[in-house]
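Text of entry-v1.csv, listed as CSV, C-alpha atoms:
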```
chain,number,residue,atom,x,y,z
A,1,MET,CA,0.4,-43.3,32.3
A,2,ALA,CA,4.1,-43.2,33.2
A,3,ASP,CA,6.0,-41.5,36.1
A,4,VAL,CA,8.5,-38.9,35.3
A,5,THR,CA,11.0,-38.2,38.0
A,6,VAL,CA,13.3,-35.1,37.6
A,7,LEU,CA,16.7,-35.0,39.2
A,8,PRO,CA,18.3,-33.5,41.1
A,9,ASP,CA,15.2,-32.4,43.0
A,10,GLY,CA,13.5,-35.8,42.7
A,11,VAL,CA,10.2,-34.3,41.8
A,12,ARG,CA,7.8,-37.0,40.4
A,13,ILE,CA,4.8,-36.3,38.2
A,14,SER,CA,2.6,-38.4,35.9
A,15,ALA,CA,2.6,-38.2,32.2
A,16,ALA,CA,-0.6,-39.1,30.4
A,17,ASN,CA,-0.6,-41.6,27.5
A,18,GLY,CA,1.1,-39.9,24.5
A,19,GLU,CA,2.1,-36.9,26.5
A,20,THR,CA,5.7,-35.6,26.1
A,21,VAL,CA,8.0,-35.0,29.1
A,22,LEU,CA,7.8,-31.3,28.5
A,23,ALA,CA,4.0,-31.3,28.3
A,24,ALA,CA,3.7,-33.4,31.5
A,25,LEU,CA,6.0,-31.1,33.4
A,26,GLY,CA,4.2,-28.0,32.0
A,27,ARG,CA,0.8,-29.4,33.0
A,28,ALA,CA,2.2,-29.9,36.5
A,29,GLY,CA,3.1,-26.2,36.7
A,30,LEU,CA,6.9,-26.9,36.4
A,31,ARG,CA,9.2,-25.0,34.2
A,32,TYR,CA,12.8,-25.7,33.2
A,33,ARG,CA,15.1,-24.6,30.4
A,34,ILE,CA,13.3,-25.1,27.1
A,35,GLY,CA,13.6,-23.5,23.6
A,36,CYS,CA,11.2,-23.8,20.7
A,37,ARG,CA,9.0,-26.6,22.1
A,38,ARG,CA,8.9,-28.1,18.6
A,39,GLY,CA,12.0,-30.2,18.3
A,40,GLY,CA,14.1,-27.7,16.3
A,41,CYS,CA,16.7,-26.3,18.7
A,42,GLY,CA,17.8,-29.0,21.2
A,43,ILE,CA,17.7,-26.6,24.2
A,44,CYS,CA,15.4,-28.8,26.2
A,45,LYS,CA,17.6,-32.0,26.1
A,46,LEU,CA,17.7,-34.0,29.3
A,47,GLN,CA,19.9,-36.9,30.4
A,48,MET,CA,17.8,-40.0,30.9
A,49,VAL,CA,19.0,-42.0,33.9
A,50,ALA,CA,16.4,-44.7,33.6
A,51,GLY,CA,13.5,-45.6,31.4
A,52,GLU,CA,12.6,-45.5,27.8
A,53,VAL,CA,10.9,-42.9,25.5
A,54,ARG,CA,9.7,-42.9,22.0
A,55,TYR,CA,9.4,-40.2,19.4
A,56,GLU,CA,6.0,-40.0,17.6
A,57,ARG,CA,7.1,-37.2,15.3
A,58,PRO,CA,10.3,-36.9,13.2
A,59,VAL,CA,13.3,-35.4,14.9
A,60,ALA,CA,16.2,-33.9,12.9
A,61,ASP,CA,19.4,-35.8,13.5
A,62,THR,CA,21.2,-32.4,13.6
A,63,VAL,CA,19.1,-31.8,16.7
A,64,LEU,CA,19.4,-35.2,18.4
A,65,SER,CA,22.1,-37.5,17.0
A,66,ASP,CA,22.1,-41.3,17.2
A,67,ASP,CA,25.1,-41.1,19.5
A,68,GLU,CA,23.1,-38.9,21.9
A,69,LYS,CA,20.2,-41.3,21.9
A,70,VAL,CA,22.6,-44.1,22.8
A,71,GLU,CA,24.0,-42.0,25.6
A,72,GLY,CA,20.4,-41.7,26.9
A,73,ILE,CA,19.9,-38.0,26.0
A,74,CYS,CA,16.3,-37.3,25.2
A,75,LEU,CA,14.7,-34.3,23.5
A,76,SER,CA,12.1,-33.6,26.2
A,77,CYS,CA,9.6,-31.6,24.0
A,78,ARG,CA,9.3,-34.6,21.7
A,79,ALA,CA,10.0,-37.6,23.9
A,80,VAL,CA,7.0,-39.6,25.1
A,81,PRO,CA,7.7,-41.9,28.0
A,82,ILE,CA,6.8,-45.5,27.4
A,83,THR,CA,8.0,-46.6,30.8
A,84,ASN,CA,8.6,-44.7,34.0
A,85,VAL,CA,11.5,-42.5,33.4
A,86,ILE,CA,14.1,-40.6,35.5
A,87,VAL,CA,15.6,-37.6,33.8
A,88,GLU,CA,18.3,-35.2,35.0
A,89,LEU,CA,18.2,-31.5,34.3
A,90,GLN,CA,21.2,-29.9,32.5
A,91,GLU,CA,24.0,-28.6,34.7
A,92,GLY,CA,23.0,-25.2,36.0
A,93,ASP,CA,19.3,-25.6,35.4
A,94,ARG,CA,16.6,-26.1,38.0
A,95,LEU,CA,12.9,-26.7,38.2
A,96,ARG,CA,10.8,-23.7,38.9
A,97,ARG,CA,7.2,-23.9,40.0
A,98,VAL,CA,5.3,-21.4,37.9
A,99,LEU,CA,1.8,-22.7,39.0
A,100,PRO,CA,2.2,-22.5,42.8
A,101,TYR,CA,-0.8,-24.5,43.9
A,102,GLY,CA,0.8,-27.9,43.7
A,103,PHE,CA,-2.3,-30.1,43.4
A,104,ALA,CA,-1.9,-30.3,39.6
A,105,SER,CA,1.6,-31.9,39.9
A,106,GLY,CA,0.9,-35.1,41.7
A,107,SER,CA,3.5,-36.4,44.0
A,108,THR,CA,6.4,-34.1,44.7
A,109,GLN,CA,8.0,-36.5,47.2
A,110,ARG,CA,11.8,-36.7,47.3
B,1,MET,CA,21.3,-0.9,-9.7
B,2,SER,CA,20.5,-2.4,-6.3
B,3,VAL,CA,19.1,-5.2,-4.2
B,4,MET,CA,15.4,-4.6,-4.0
B,5,ARG,CA,14.1,-7.0,-1.3
B,6,LEU,CA,14.1,-10.3,0.3
B,7,GLY,CA,12.6,-12.4,-2.4
B,8,PHE,CA,12.4,-15.9,-0.9
B,9,VAL,CA,13.3,-17.9,2.1
B,10,HIS,CA,14.1,-21.6,1.7
B,11,ILE,CA,14.0,-23.7,4.9
B,12,ARG,CA,13.9,-27.3,6.1
B,13,VAL,CA,11.1,-28.7,8.1
B,14,THR,CA,10.8,-32.1,9.9
B,15,ASP,CA,7.1,-32.7,8.8
B,16,LEU,CA,5.9,-31.2,5.6
B,17,GLU,CA,2.2,-31.6,6.3
B,18,ASP,CA,2.5,-29.8,9.7
B,19,ALA,CA,4.4,-27.1,8.0
B,20,ARG,CA,1.8,-26.8,5.2
B,21,ASN,CA,-0.9,-26.3,7.9
B,22,HIS,CA,1.1,-23.7,9.8
B,23,TYR,CA,2.1,-21.6,6.8
B,24,SER,CA,-1.1,-21.9,4.9
B,25,ASN,CA,-3.9,-22.1,7.5
B,26,THR,CA,-2.3,-20.2,10.4
B,27,LEU,CA,-0.3,-17.6,8.5
B,28,GLY,CA,-2.6,-17.6,5.4
B,29,MET,CA,-0.1,-18.2,2.7
B,30,SER,CA,-1.2,-20.1,-0.5
B,31,VAL,CA,0.5,-23.2,-1.8
B,32,VAL,CA,1.5,-22.3,-5.4
B,33,HIS,CA,3.3,-25.5,-6.3
B,34,GLU,CA,4.2,-28.8,-4.8
B,35,GLU,CA,6.4,-31.8,-5.5
B,36,PRO,CA,7.1,-34.8,-3.2
B,37,GLY,CA,8.8,-33.5,-0.1
B,38,LYS,CA,8.7,-29.8,-1.2
B,39,LEU,CA,6.2,-27.0,-1.1
B,40,TRP,CA,6.3,-23.5,-2.6
B,41,LEU,CA,4.1,-20.8,-1.0
B,42,LYS,CA,3.3,-17.1,-1.3
B,43,CYS,CA,1.4,-14.4,0.6
B,44,TRP,CA,-1.7,-12.7,-0.8
B,45,ASP,CA,0.0,-9.4,-1.2
B,46,GLU,CA,3.2,-10.6,-3.1
B,47,TRP,CA,3.6,-10.2,-6.8
B,48,ASP,CA,6.2,-12.9,-7.5
B,49,HIS,CA,5.6,-16.6,-7.9
B,50,HIS,CA,6.6,-17.6,-4.4
B,51,SER,CA,8.4,-16.3,-1.3
B,52,LEU,CA,8.8,-19.5,0.8
B,53,VAL,CA,10.2,-22.9,-0.1
B,54,LEU,CA,9.7,-25.7,2.4
B,55,GLU,CA,11.8,-28.8,2.1
B,56,GLU,CA,11.1,-31.9,4.2
B,57,GLY,CA,13.9,-33.4,6.2
B,58,GLY,CA,15.8,-31.6,9.1
B,59,VAL,CA,15.3,-28.1,10.2
B,60,GLY,CA,16.9,-24.7,9.6
B,61,LEU,CA,18.0,-22.5,6.7
B,62,VAL,CA,18.8,-23.7,3.2
B,63,LYS,CA,19.1,-20.2,1.7
B,64,LEU,CA,17.8,-16.7,1.4
B,65,GLY,CA,17.0,-15.3,-2.0
B,66,TYR,CA,17.4,-11.5,-2.5
B,67,LYS,CA,16.0,-10.0,-5.7
B,68,VAL,CA,18.0,-7.4,-7.6
B,69,GLU,CA,16.9,-5.1,-10.4
B,70,SER,CA,18.9,-6.3,-13.4
B,71,ALA,CA,21.2,-9.0,-14.8
B,72,ASP,CA,24.0,-6.4,-14.7
B,73,ASP,CA,23.6,-6.2,-10.9
B,74,LEU,CA,24.2,-9.9,-10.7
B,75,ALA,CA,27.6,-9.6,-12.4
B,76,MET,CA,28.6,-6.6,-10.4
B,77,TYR,CA,27.7,-8.1,-7.0
B,78,GLU,CA,29.4,-11.3,-7.9
B,79,LYS,CA,32.6,-9.4,-8.7
B,80,ARG,CA,32.4,-7.4,-5.5
B,81,ALA,CA,31.8,-10.5,-3.4
B,82,GLN,CA,34.8,-12.2,-4.9
B,83,ALA,CA,36.9,-9.0,-4.2
B,84,PHE,CA,35.6,-9.1,-0.6
B,85,GLY,CA,36.9,-12.7,-0.4
B,86,VAL,CA,33.8,-14.8,0.0
B,87,SER,CA,33.1,-17.8,-2.2
B,88,THR,CA,30.6,-17.3,-5.0
B,89,GLY,CA,28.9,-19.5,-7.6
B,90,ARG,CA,26.5,-19.3,-10.5
B,91,VAL,CA,22.9,-20.5,-10.2
B,92,SER,CA,21.3,-21.6,-13.5
B,93,LYS,CA,17.8,-20.7,-14.6
B,94,GLY,CA,15.3,-23.2,-13.2
B,95,GLU,CA,17.5,-24.4,-10.3
B,96,ASN,CA,15.0,-22.5,-8.2
B,97,LEU,CA,11.5,-23.0,-9.5
B,98,THR,CA,10.6,-20.2,-12.0
B,99,VAL,CA,13.7,-18.2,-11.0
B,100,GLY,CA,16.2,-17.1,-13.6
B,101,ASP,CA,20.0,-17.1,-13.5
B,102,GLY,CA,21.5,-16.1,-10.3
B,103,VAL,CA,24.6,-15.7,-8.2
B,104,ARG,CA,25.2,-17.7,-5.0
B,105,LEU,CA,27.1,-16.0,-2.2
B,106,THR,CA,28.3,-17.7,0.9
B,107,LEU,CA,28.2,-15.1,3.7
B,108,PRO,CA,31.3,-14.8,6.0
B,109,SER,CA,28.9,-16.4,8.6
B,110,GLU,CA,28.3,-19.4,6.2
B,111,GLN,CA,24.7,-18.9,5.3
B,112,SER,CA,23.8,-19.1,1.5
B,113,VAL,CA,22.4,-16.1,-0.1
B,114,GLU,CA,21.3,-16.2,-3.7
B,115,LEU,CA,20.8,-13.1,-5.8
B,116,PHE,CA,18.4,-13.2,-8.7
B,117,ASN,CA,16.6,-10.7,-11.0
B,118,GLU,CA,13.9,-12.8,-12.6
B,119,ILE,CA,11.2,-14.9,-11.2
B,120,GLU,CA,7.8,-15.8,-12.7
B,121,PHE,CA,5.4,-12.9,-12.1
B,122,SER,CA,2.0,-14.1,-10.8
B,123,GLY,CA,0.4,-11.0,-9.3
B,124,THR,CA,-1.2,-10.4,-5.9
B,125,GLU,CA,-4.7,-11.6,-5.0
B,126,THR,CA,-6.1,-8.1,-5.4
B,127,GLY,CA,-4.3,-7.3,-8.7
B,128,SER,CA,-3.1,-4.1,-10.3
B,129,LEU,CA,-6.3,-2.7,-11.7
B,130,ASN,CA,-8.7,-0.9,-9.4
B,131,PRO,CA,-7.7,-3.2,-6.6
B,132,ASP,CA,-9.6,-3.7,-3.3
B,133,PRO,CA,-7.4,-3.2,-0.2
B,134,TRP,CA,-7.6,-6.8,0.8
B,135,PRO,CA,-9.0,-10.1,-0.6
B,136,ARG,CA,-12.4,-11.2,0.9
B,137,ASP,CA,-11.5,-14.9,1.4
B,138,ARG,CA,-8.5,-14.4,3.7
B,139,ARG,CA,-7.2,-17.3,5.8
B,140,GLY,CA,-5.8,-17.1,9.3
B,141,ILE,CA,-3.3,-14.3,10.0
B,142,SER,CA,-3.3,-13.4,6.4
B,143,ALA,CA,0.2,-12.1,6.3
B,144,HIS,CA,0.9,-9.5,3.6
B,145,TRP,CA,4.4,-10.5,2.6
B,146,ILE,CA,7.7,-11.9,3.9
B,147,ASP,CA,9.5,-8.9,5.1
B,148,HIS,CA,13.0,-9.6,6.4
B,149,ALA,CA,15.3,-12.3,7.8
B,150,LEU,CA,17.8,-12.3,10.7
B,151,VAL,CA,20.8,-14.6,10.9
B,152,PRO,CA,23.3,-15.2,13.6
B,153,ALA,CA,27.1,-14.7,12.9
B,154,GLU,CA,30.2,-15.2,15.0
B,155,ASP,CA,31.4,-11.9,13.6
B,156,PRO,CA,28.4,-9.7,12.9
B,157,GLY,CA,30.6,-6.7,12.2
B,158,LEU,CA,32.1,-8.6,9.2
B,159,VAL,CA,28.7,-9.6,7.9
B,160,GLU,CA,27.5,-5.9,8.3
B,161,ARG,CA,30.6,-4.8,6.3
B,162,PHE,CA,29.8,-7.4,3.6
B,163,PHE,CA,26.3,-6.1,3.2
B,164,MET,CA,27.4,-2.5,3.1
B,165,GLU,CA,30.5,-2.8,0.9
B,166,VAL,CA,29.3,-5.6,-1.4
B,167,LEU,CA,25.5,-5.3,-1.5
B,168,ASP,CA,25.0,-1.5,-0.9
B,169,PHE,CA,22.9,-2.0,2.2
B,170,HIS,CA,22.7,0.8,4.8
B,171,ALA,CA,22.9,0.0,8.5
B,172,ALA,CA,19.7,1.6,9.9
B,173,GLU,CA,20.4,0.5,13.4
B,174,ARG,CA,23.3,-1.2,15.2
B,175,ALA,CA,23.9,-2.9,18.5
B,176,ILE,CA,27.4,-2.2,19.9
B,177,THR,CA,29.2,-3.1,23.1
B,178,ASN,CA,29.8,0.6,24.0
B,179,PRO,CA,30.7,3.8,22.2
B,180,ALA,CA,34.3,3.7,23.5
B,181,HIS,CA,34.8,0.2,22.2
B,182,PRO,CA,32.2,-0.3,19.5
B,183,GLU,CA,32.3,-4.0,18.7
B,184,VAL,CA,29.3,-4.8,16.5
B,185,LEU,CA,26.9,-7.1,18.3
B,186,GLY,CA,24.1,-6.8,15.7
B,187,SER,CA,23.0,-4.8,12.7
B,188,TRP,CA,19.6,-4.0,11.1
B,189,MET,CA,20.2,-3.3,7.5
B,190,ALA,CA,18.1,-1.8,4.7
B,191,CYS,CA,18.3,-2.0,0.9
B,192,GLY,CA,15.2,0.1,0.6
B,193,GLU,CA,13.3,2.6,2.8
B,194,SER,CA,12.1,0.0,5.4
B,195,PRO,CA,14.3,-0.1,8.4
B,196,HIS,CA,15.5,-3.7,7.7
B,197,ASP,CA,15.5,-6.1,4.9
B,198,PHE,CA,18.3,-8.2,6.5
B,199,ALA,CA,19.7,-8.3,10.0
B,200,VAL,CA,22.5,-10.1,11.8
B,201,VAL,CA,23.2,-10.7,15.5
B,202,LYS,CA,26.1,-12.4,17.3
B,203,GLY,CA,25.6,-16.1,17.4
B,204,PRO,CA,26.6,-19.3,15.7
B,205,ASN,CA,27.4,-19.3,12.0
B,206,GLY,CA,25.3,-21.1,9.4
B,207,LYS,CA,21.9,-20.8,11.1
B,208,ILE,CA,18.8,-18.7,11.0
B,209,HIS,CA,17.3,-16.7,13.9
B,210,HIS,CA,14.0,-15.9,12.2
B,211,PHE,CA,12.2,-14.6,9.1
B,212,ALA,CA,9.3,-12.2,9.4
B,213,PHE,CA,5.9,-11.7,8.0
B,214,HIS,CA,4.6,-8.1,7.5
B,215,LEU,CA,1.2,-7.3,9.0
B,216,GLU,CA,-0.8,-4.1,8.7
B,217,ASP,CA,-0.8,-2.7,12.3
B,218,TRP,CA,-0.8,-3.4,16.0
B,219,ASN,CA,-4.4,-4.6,15.9
B,220,ALA,CA,-3.4,-7.2,13.3
B,221,ILE,CA,-0.6,-8.3,15.7
B,222,LEU,CA,-3.1,-8.9,18.5
B,223,ARG,CA,-5.4,-10.8,16.1
B,224,ALA,CA,-2.4,-12.9,14.9
B,225,GLY,CA,-1.7,-13.8,18.6
B,226,ASP,CA,-5.3,-14.9,19.0
B,227,ILE,CA,-5.0,-17.2,16.0
B,228,MET,CA,-1.7,-18.6,17.2
B,229,SER,CA,-3.4,-19.5,20.5
B,230,MET,CA,-6.3,-21.1,18.6
B,231,ASP,CA,-3.8,-23.1,16.5
B,232,ASP,CA,-1.5,-24.0,19.5
B,233,VAL,CA,1.5,-22.2,17.9
B,234,SER,CA,4.6,-22.2,20.2
B,235,ILE,CA,5.3,-18.6,21.2
B,236,ASP,CA,8.7,-17.3,21.8
B,237,TYR,CA,7.9,-13.7,22.8
B,238,GLY,CA,5.3,-11.0,22.5
B,239,PRO,CA,3.1,-9.2,21.5
B,240,THR,CA,5.4,-6.3,22.3
B,241,ARG,CA,7.3,-3.5,20.6
B,242,HIS,CA,10.9,-3.3,19.4
B,243,GLY,CA,13.0,-0.3,20.4
B,244,ILE,CA,15.1,-1.2,17.4
B,245,THR,CA,13.0,-0.3,14.2
B,246,ARG,CA,10.0,0.6,16.5
B,247,GLY,CA,8.1,-2.3,15.0
B,248,THR,CA,5.4,-4.3,16.9
B,249,THR,CA,5.9,-8.0,17.0
B,250,ILE,CA,5.3,-11.6,18.1
B,251,TYR,CA,8.0,-14.2,17.8
B,252,PHE,CA,6.8,-17.8,17.4
B,253,PHE,CA,8.0,-21.1,16.1
B,254,ASP,CA,6.8,-23.2,13.2
B,255,PRO,CA,6.0,-26.9,13.8
B,256,ALA,CA,9.7,-27.8,13.1
B,257,GLY,CA,11.0,-25.2,15.5
B,258,ASN,CA,12.1,-22.5,13.0
B,259,ARG,CA,11.4,-19.1,14.4
B,260,ASN,CA,8.9,-16.8,12.6
B,261,GLU,CA,7.9,-13.3,13.4
B,262,VAL,CA,4.8,-11.2,12.6
B,263,PHE,CA,6.0,-7.6,12.3
B,264,ALA,CA,3.9,-4.5,11.9
B,265,GLY,CA,4.2,-0.7,11.9
B,266,LEU,CA,6.8,0.6,9.5
B,267,GLY,CA,8.3,2.6,12.4
B,268,TYR,CA,10.0,5.0,10.1
B,269,ARG,CA,11.5,5.3,6.6
B,270,THR,CA,15.3,5.2,6.3
B,271,PHE,CA,17.6,6.5,3.7
B,272,PRO,CA,21.3,6.0,2.8
B,273,ASP,CA,22.2,9.5,4.1
B,274,PHE,CA,20.6,8.9,7.6
B,275,PRO,CA,23.0,8.2,10.5
B,276,THR,CA,23.0,4.7,12.0
B,277,VAL,CA,21.1,4.6,15.3
B,278,ASN,CA,23.2,2.8,17.9
B,279,TRP,CA,22.1,0.7,20.9
B,280,THR,CA,24.7,-0.1,23.6
B,281,GLU,CA,24.9,-3.5,25.1
B,282,ASP,CA,23.6,-2.4,28.5
B,283,GLN,CA,20.4,-1.1,26.8
B,284,LEU,CA,20.1,-3.9,24.2
B,285,ALA,CA,17.2,-5.7,26.0
B,286,LYS,CA,15.2,-2.5,25.7
B,287,GLY,CA,16.2,-2.2,22.1
B,288,ILE,CA,14.9,-5.7,21.4
B,289,PHE,CA,11.8,-5.8,23.7
B,290,TYR,CA,11.1,-2.1,24.4
B,291,ILE,CA,8.2,-2.7,26.9
B,292,GLN,CA,9.6,-5.5,29.0
B,293,ARG,CA,13.3,-4.4,28.8
B,294,GLU,CA,14.4,-7.9,29.6
B,295,LEU,CA,15.3,-10.8,27.4
B,296,ASN,CA,13.8,-14.2,27.9
B,297,ASP,CA,16.0,-17.2,28.0
B,298,THR,CA,15.3,-18.3,24.4
B,299,PHE,CA,15.5,-15.3,22.2
B,300,LEU,CA,19.3,-15.2,21.8
B,301,THR,CA,19.9,-18.9,22.4
B,302,VAL,CA,17.5,-20.7,20.1
B,303,TRP,CA,18.6,-20.9,16.4
B,304,THR,CA,17.8,-23.5,13.7
```

What do you get writing this file as structure tokens?
Amino acid sequence: MADVTVLPDGVRISAANGETVLAALGRAGLRYRIGCRRGGCGICKLQMVAGEVRYERPVADTVLSDDEKVEGICLSCRAVPITNVIVELQEGDRLRRVLPYGFASGSTQR
Amino acid sequence: MSVMRLGFVHIRVTDLEDARNHYSNTLGMSVVHEEPGKLWLKCWDEWDHHSLVLEEGGVGLVKLGYKVESADDLAMYEKRAQAFGVSTGRVSKGENLTVGDGVRLTLPSEQSVELFNEIEFSGTETGSLNPDPWPRDRRGISAHWIDHALVPAEDPGLVERFFMEVLDFHAAERAITNPAHPEVLGSWMACGESPHDFAVVKGPNGKIHHFAFHLEDWNAILRAGDIMSMDDVSIDYGPTRHGITRGTTIYFFDPAGNRNEVFAGLGYRTFPDFPTVNWTEDQLAKGIFYIQRELNDTFLTVWT
């Protein structure tokens, strides 16, 4: 288990072991800007402010370059948190709650 | 004396085994040849040796292969492409498995297209003598054939002109800004009677938007959607109908993120003497997704 905190809202959810950032947010009923969900397009990149992720499946370097990894950019559909992480949505994006019941999402404290 | 059809699609995938599972078990293609890091596949209703080449490492388009009728066509199209001003090259027999000599064209939008007129003939699964309508041991979606491909281009009007002037394609349908200032935003182009064998929309050069598998009808589209859910395939959009071409459709992604489509309902036949059907920018969402009339946030932003 690792906590994923999403800025700028500060929403915090839990990712299960082996679960990607996208899968954890999706399970919590939260939606943000994503593309193919399969590591091919790079649309779902997030800036990691703190924490570490690993990639359990190959990621094309045309999609996520080594420089981007060094800058802390993660490909959220493939990135599996190995510590608690804080990620920031891309400029202009925001979290939308598509499952409005809330109890699936864990803490939503600021 | 013409281009006959999209013969093969050659793409990159990040994980070959995931791709094998997707294209063979989910879509129902058969693996016809394999080498380390590379797979060749075909659909049950295709006559030629293969229609899809998967290469491990990266993502996106390597090239599209279009089959022409004769060797004379190769020389003619090469000459015309050079006159148009794009770079061309020769492809030797065997460079593509079982494919004969060919001509490589680099589109004004940077994608590679190879023309060829010979490829090993291996026949469909039902054959050419008193055939059954479909094979009994079908797998998954059991797509009939690879039907068309759509690529993005910074200048889709130029790519449309290339396919018309060099390759004798006919624009069945076109997306334009507005009739008073008709900048081409997209074009759906035919070399035969099907509404599109190739299409182009405004977007980044060098990439692919999708390639499509032909299914029999709307029921087959629904069944395909069911199988995609069973196999946890990432869906982009659908099932729905296109205004453009009238086809029914689901867009989805392979395990590397390359977009695929299942496409059914030959909405109409087209001929070179037919006028081009135009869609204006303000109605383009209806042209693309006729029922919803709204684009989602991925359809014209995700390319590989």

Straight-line distance linking CA of Asp297 in chain B with CA of Leu99 in chain A, stated in Å to one decimal: 18.8 Å

Could you list, with a cut-off of 12 Å and counting only C-alpha atoms, the residues of chain A near chain B, each shown with its nearest atom pair and the distance in Å rounded to one decimal, rows sorted by chain and ascending number, as JSON lines?
```
{"residue": "A:Tyr32", "atom": "CA", "partner": "B:Asp297", "partner_atom": "CA", "distance": 10.5}
{"residue": "A:Arg33", "atom": "CA", "partner": "B:Asp297", "partner_atom": "CA", "distance": 7.8}
{"residue": "A:Ile34", "atom": "CA", "partner": "B:Thr298", "partner_atom": "CA", "distance": 7.6}
{"residue": "A:Gly35", "atom": "CA", "partner": "B:Thr298", "partner_atom": "CA", "distance": 5.5}
{"residue": "A:Cys36", "atom": "CA", "partner": "B:Gly257", "partner_atom": "CA", "distance": 5.4}
{"residue": "A:Arg37", "atom": "CA", "partner": "B:Ser234", "partner_atom": "CA", "distance": 6.5}
{"residue": "A:Arg38", "atom": "CA", "partner": "B:Gly257", "partner_atom": "CA", "distance": 4.7}
{"residue": "A:Gly39", "atom": "CA", "partner": "B:Gly257", "partner_atom": "CA", "distance": 5.8}
{"residue": "A:Gly40", "atom": "CA", "partner": "B:Gly257", "partner_atom": "CA", "distance": 4.1}
{"residue": "A:Cys41", "atom": "CA", "partner": "B:Val302", "partner_atom": "CA", "distance": 5.8}
{"residue": "A:Gly42", "atom": "CA", "partner": "B:Val302", "partner_atom": "CA", "distance": 8.4}
{"residue": "A:Ile43", "atom": "CA", "partner": "B:Val302", "partner_atom": "CA", "distance": 7.2}
{"residue": "A:Cys44", "atom": "CA", "partner": "B:Val302", "partner_atom": "CA", "distance": 10.4}
{"residue": "A:Glu56", "atom": "CA", "partner": "B:Asp15", "partner_atom": "CA", "distance": 11.5}
{"residue": "A:Arg57", "atom": "CA", "partner": "B:Asp15", "partner_atom": "CA", "distance": 7.9}
{"residue": "A:Pro58", "atom": "CA", "partner": "B:Thr14", "partner_atom": "CA", "distance": 5.8}
{"residue": "A:Val59", "atom": "CA", "partner": "B:Thr14", "partner_atom": "CA", "distance": 6.5}
{"residue": "A:Ala60", "atom": "CA", "partner": "B:Gly58", "partner_atom": "CA", "distance": 4.5}
{"residue": "A:Asp61", "atom": "CA", "partner": "B:Gly58", "partner_atom": "CA", "distance": 7.1}
{"residue": "A:Thr62", "atom": "CA", "partner": "B:Gly58", "partner_atom": "CA", "distance": 7.1}
{"residue": "A:Val63", "atom": "CA", "partner": "B:Gly58", "partner_atom": "CA", "distance": 8.3}
{"residue": "A:Leu64", "atom": "CA", "partner": "B:Gly58", "partner_atom": "CA", "distance": 10.6}
{"residue": "A:Ser65", "atom": "CA", "partner": "B:Gly58", "partner_atom": "CA", "distance": 11.7}
{"residue": "A:Cys77", "atom": "CA", "partner": "B:Gly257", "partner_atom": "CA", "distance": 10.7}
{"residue": "A:Arg78", "atom": "CA", "partner": "B:Ala256", "partner_atom": "CA", "distance": 11.0}
{"residue": "A:Asp93", "atom": "CA", "partner": "B:Asp297", "partner_atom": "CA", "distance": 11.7}
```

Residues within 10 Å of (20.9, -1.7, 25.9), file coords, all atoms listed in the file, listed as a list of chain:residue names: B:Ala175, B:Ile176, B:Thr177, B:Asn178, B:Gly243, B:Asn278, B:Trp279, B:Thr280, B:Glu281, B:Asp282, B:Gln283, B:Leu284, B:Ala285, B:Lys286, B:Gly287, B:Ile288, B:Tyr290, B:Arg293, B:Glu294

Residue contacts of range 199-206 of chain B (10 Å, only C-alpha atoms) excluding same-chain residues fewer than 5 positions away, as an MDAnalysis selection string: chainID B and resid 60:63 106:112 148:157 159:160 163 171:175 184:190 211 300:304

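In this structure, CA of Val99 in chain B sits 14.8 Å away from CA of Arg5 in chain B.
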
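Taking all atoms listed in the file into account, Asp101 in chain B lies nearest to B:Asn117 out of the set B:Ser2, B:Ser229, B:Ser30, B:Asn117.
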
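Interatomic distance, CA of Tyr66 in chain B against CA of Met228 in chain B: 28.3 Å.
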
Could you list as a PDB file with C-alpha atoms, keeping the file's coordinate frame every residue that has an atom within 8 Å of (15.4, -35.0, 27.3), using the file's coordinates and counting all atoms listed in the file?
```pdb
ATOM      1  CA  VAL A  21       8.000 -35.000  29.100  1.00  0.00           C
ATOM      2  CA  CYS A  44      15.400 -28.800  26.200  1.00  0.00           C
ATOM      3  CA  LYS A  45      17.600 -32.000  26.100  1.00  0.00           C
ATOM      4  CA  LEU A  46      17.700 -34.000  29.300  1.00  0.00           C
ATOM      5  CA  GLN A  47      19.900 -36.900  30.400  1.00  0.00           C
ATOM      6  CA  MET A  48      17.800 -40.000  30.900  1.00  0.00           C
ATOM      7  CA  ILE A  73      19.900 -38.000  26.000  1.00  0.00           C
ATOM      8  CA  CYS A  74      16.300 -37.300  25.200  1.00  0.00           C
ATOM      9  CA  LEU A  75      14.700 -34.300  23.500  1.00  0.00           C
ATOM     10  CA  SER A  76      12.100 -33.600  26.200  1.00  0.00           C
ATOM     11  CA  CYS A  77       9.600 -31.600  24.000  1.00  0.00           C
ATOM     12  CA  ALA A  79      10.000 -37.600  23.900  1.00  0.00           C
ATOM     13  CA  VAL A  87      15.600 -37.600  33.800  1.00  0.00           C
TER      14      VAL A  87
END
```

All residues 8 Å or closer to Phe121 in chain B, all atoms listed in the file, same chain fewer than 2 positions away omitted, as JSON, numbers by chain: {"B": [47, 48, 49, 119, 123]}

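Checking B:Phe274, B:Tyr237, B:Phe116, B:Phe198 one by one against Ala71 in chain B, counting only C-alpha atoms, you find the shortest gap at B:Phe116.
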
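The residue that comes closest to Ala264 in chain B, out of B:Tyr251, B:Trp218, B:Phe289, B:Trp145 and on the basis of all atoms listed in the file, is B:Trp218.
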